[in-house]
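K.L.:
Take this structure, written in structure tokens, and hold onto it; I'll ask about it next.
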Amino acid sequence: MPDAALLRLARPGDTDGILALIRSHPEQLLPRGRADIEGLLETFWVIEEDGQVAGCCCLEVYSPKIAEVRSLAVREASRGRHHGARLVAAAVAEARRRGIPQVLVVTSNVEFFSRQHFKPCLNEKFALFWEGPEAEGQARRG
């Protein structure tokens, strides 16, 4: 049976479906707001199955030299159909089309992204995020 899933650029009507997918993966994805999603629709792709958003992925362009693949999510019932790989390939292809030489991803799923040709760089140095005393105090209060 042919894959009935359609890979396409996101449209304004997809925002709720994208938000739902991102919110259904709180341990893996950073929260995103409606305005954040809407501001990036020109570089957000979705997989549509039966009229529903079954997967999503965004390419956030930071400069002419670097962009990030982010907010990759596929609903549980649609996994195992290579939707994640198709979404990442679309984002990377857009970076290449724009002449952006470096595409990064921040992930806990190194194995998946390794299969998509992402590799460690800078002698396997790690990206670290500042979390000063203010952040620690908020975590204790929250």
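Going through the structure tokens in order, the chains are called A, B, and so on, while each chain numbers its residues from 1 and the ligands are numbered from 1 in the order shown.
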Find the spatial neighbours of range 68-71 of chain A, counting only C-alpha atoms, within a cut-off of 8 Å - ignore same-chain residues fewer than 2 positions away - and output them as a PyMOL selection string.
P.N.:
chain A and resi 22+29-30+56-62+66+73+88+91-92+103-106
K.L.:
Mind listing the alpha helix (DSSP H) residues of range 17-82 of chain A, per DSSP on the backbone, as a list in words?
P.N.:
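The alpha helix (DSSP H) subset of range 17-82 of chain A is Gly17, Ile18, Leu19, Ala20, Leu21, Ile22, Arg23, Arg34, Ala35, Asp36, Ile37, Glu38 and Gly39 of chain A.
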K.L.:
Please produce a file of those selected residues containing all heavy atoms, as an mmCIF file, in the first residue's frame.
P.N.:
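Output file out_36.cif follows:
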data_model
loop_
_atom_site.group_PDB
_atom_site.id
_atom_site.type_symbol
_atom_site.label_atom_id
_atom_site.label_comp_id
_atom_site.auth_asym_id
_atom_site.auth_seq_id
_atom_site.Cartn_x
_atom_site.Cartn_y
_atom_site.Cartn_z
ATOM 1 N N GLY A 17 -2.333 21.780 15.436
ATOM 2 C CA GLY A 17 -1.800 20.423 15.347
ATOM 3 C C GLY A 17 -0.329 20.364 15.711
ATOM 4 O O GLY A 17 0.121 19.432 16.390
ATOM 5 N N ILE A 18 0.439 21.359 15.272
ATOM 6 C CA ILE A 18 1.867 21.426 15.611
ATOM 7 C C ILE A 18 2.030 21.618 17.109
ATOM 8 O O ILE A 18 2.824 20.924 17.762
ATOM 9 C CB ILE A 18 2.554 22.558 14.824
ATOM 10 C CG1 ILE A 18 2.601 22.213 13.326
ATOM 11 C CG2 ILE A 18 3.956 22.819 15.364
ATOM 12 C CD1 ILE A 18 3.019 23.379 12.435
ATOM 13 N N LEU A 19 1.285 22.555 17.679
ATOM 14 C CA LEU A 19 1.366 22.794 19.127
ATOM 15 C C LEU A 19 1.017 21.532 19.914
ATOM 16 O O LEU A 19 1.687 21.200 20.900
ATOM 17 C CB LEU A 19 0.440 23.940 19.537
ATOM 18 C CG LEU A 19 0.943 25.342 19.224
ATOM 19 C CD1 LEU A 19 -0.169 26.366 19.401
ATOM 20 C CD2 LEU A 19 2.136 25.685 20.096
ATOM 21 N N ALA A 20 -0.019 20.831 19.488
ATOM 22 C CA ALA A 20 -0.419 19.600 20.181
ATOM 23 C C ALA A 20 0.692 18.554 20.127
ATOM 24 O O ALA A 20 0.975 17.884 21.128
ATOM 25 C CB ALA A 20 -1.710 19.052 19.581
ATOM 26 N N LEU A 21 1.322 18.412 18.964
ATOM 27 C CA LEU A 21 2.413 17.443 18.845
ATOM 28 C C LEU A 21 3.576 17.806 19.760
ATOM 29 O O LEU A 21 4.133 16.951 20.457
ATOM 30 C CB LEU A 21 2.922 17.389 17.397
ATOM 31 C CG LEU A 21 2.412 16.298 16.511
ATOM 32 C CD1 LEU A 21 2.978 16.444 15.109
ATOM 33 C CD2 LEU A 21 2.730 14.932 17.068
ATOM 34 N N ILE A 22 3.973 19.066 19.742
ATOM 35 C CA ILE A 22 5.097 19.506 20.587
ATOM 36 C C ILE A 22 4.755 19.319 22.059
ATOM 37 O O ILE A 22 5.566 18.810 22.831
ATOM 38 C CB ILE A 22 5.461 20.967 20.264
ATOM 39 C CG1 ILE A 22 6.081 21.034 18.860
ATOM 40 C CG2 ILE A 22 6.421 21.536 21.307
ATOM 41 C CD1 ILE A 22 6.273 22.440 18.321
ATOM 42 N N ARG A 23 3.542 19.665 22.445
ATOM 43 C CA ARG A 23 3.138 19.529 23.855
ATOM 44 C C ARG A 23 3.017 18.071 24.286
ATOM 45 O O ARG A 23 3.103 17.768 25.469
ATOM 46 C CB ARG A 23 1.817 20.262 24.086
ATOM 47 C CG ARG A 23 1.994 21.763 24.032
ATOM 48 C CD ARG A 23 0.692 22.503 24.140
ATOM 49 N NE ARG A 23 0.926 23.941 24.063
ATOM 50 C CZ ARG A 23 0.025 24.822 23.687
ATOM 51 N NH1 ARG A 23 -1.204 24.426 23.368
ATOM 52 N NH2 ARG A 23 0.325 26.100 23.630
ATOM 53 N N ARG A 34 2.306 29.708 20.462
ATOM 54 C CA ARG A 34 1.611 29.918 19.187
ATOM 55 C C ARG A 34 2.347 30.948 18.322
ATOM 56 O O ARG A 34 2.565 30.738 17.135
ATOM 57 C CB ARG A 34 0.177 30.366 19.451
ATOM 58 C CG ARG A 34 -0.614 30.684 18.190
ATOM 59 C CD ARG A 34 -2.069 30.971 18.494
ATOM 60 N NE ARG A 34 -2.729 29.833 19.103
ATOM 61 C CZ ARG A 34 -3.155 28.760 18.430
ATOM 62 N NH1 ARG A 34 -2.991 28.690 17.144
ATOM 63 N NH2 ARG A 34 -3.743 27.766 19.066
ATOM 64 N N ALA A 35 2.737 32.078 18.906
ATOM 65 C CA ALA A 35 3.419 33.124 18.139
ATOM 66 C C ALA A 35 4.752 32.613 17.593
ATOM 67 O O ALA A 35 5.140 32.946 16.472
ATOM 68 C CB ALA A 35 3.627 34.362 19.000
ATOM 69 N N ASP A 36 5.443 31.792 18.369
ATOM 70 C CA ASP A 36 6.714 31.204 17.934
ATOM 71 C C ASP A 36 6.494 30.332 16.697
ATOM 72 O O ASP A 36 7.205 30.454 15.699
ATOM 73 C CB ASP A 36 7.299 30.374 19.083
ATOM 74 C CG ASP A 36 8.728 29.946 18.850
ATOM 75 O OD1 ASP A 36 9.459 30.639 18.110
ATOM 76 O OD2 ASP A 36 9.123 28.907 19.413
ATOM 77 N N ILE A 37 5.491 29.474 16.749
ATOM 78 C CA ILE A 37 5.179 28.588 15.620
ATOM 79 C C ILE A 37 4.762 29.420 14.408
ATOM 80 O O ILE A 37 5.262 29.226 13.298
ATOM 81 C CB ILE A 37 4.055 27.594 15.980
ATOM 82 C CG1 ILE A 37 4.427 26.734 17.193
ATOM 83 C CG2 ILE A 37 3.678 26.730 14.769
ATOM 84 C CD1 ILE A 37 5.633 25.870 17.044
ATOM 85 N N GLU A 38 3.863 30.352 14.615
ATOM 86 C CA GLU A 38 3.362 31.168 13.503
ATOM 87 C C GLU A 38 4.468 31.984 12.848
ATOM 88 O O GLU A 38 4.481 32.164 11.630
ATOM 89 C CB GLU A 38 2.228 32.073 13.980
ATOM 90 C CG GLU A 38 0.973 31.288 14.306
ATOM 91 C CD GLU A 38 -0.103 32.104 14.993
ATOM 92 O OE1 GLU A 38 0.165 33.244 15.441
ATOM 93 O OE2 GLU A 38 -1.233 31.587 15.095
ATOM 94 N N GLY A 39 5.438 32.434 13.640
ATOM 95 C CA GLY A 39 6.554 33.212 13.100
ATOM 96 C C GLY A 39 7.518 32.394 12.274
ATOM 97 O O GLY A 39 8.322 32.952 11.519
#
K.L.:
By how many Å are CA of Arg86 in chain A and CA of Arg98 in chain A apart?
P.N.:
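Going from CA of Arg86 in chain A over to CA of Arg98 in chain A covers 18.5 Å.
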K.L.:
Let me make sure I understand: among A:Arg32, A:His82, A:Arg11, A:Lys65, which one has the smallest atom-to-atom distance to Gln116 in chain A if we use only C-alpha atoms?
P.N.:
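Closest candidate: A:His82.
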K.L.:
Could you please determine the separation between CA of Gly33 in chain A and CA of Lys119 in chain A in Å, to one decimal place?
P.N.:
29.2 Å
K.L.:
Using Å and a single decimal, report how far CA of Gly55 in chain A sits from CA of Leu72 in chain A.
P.N.:
7.4 Å
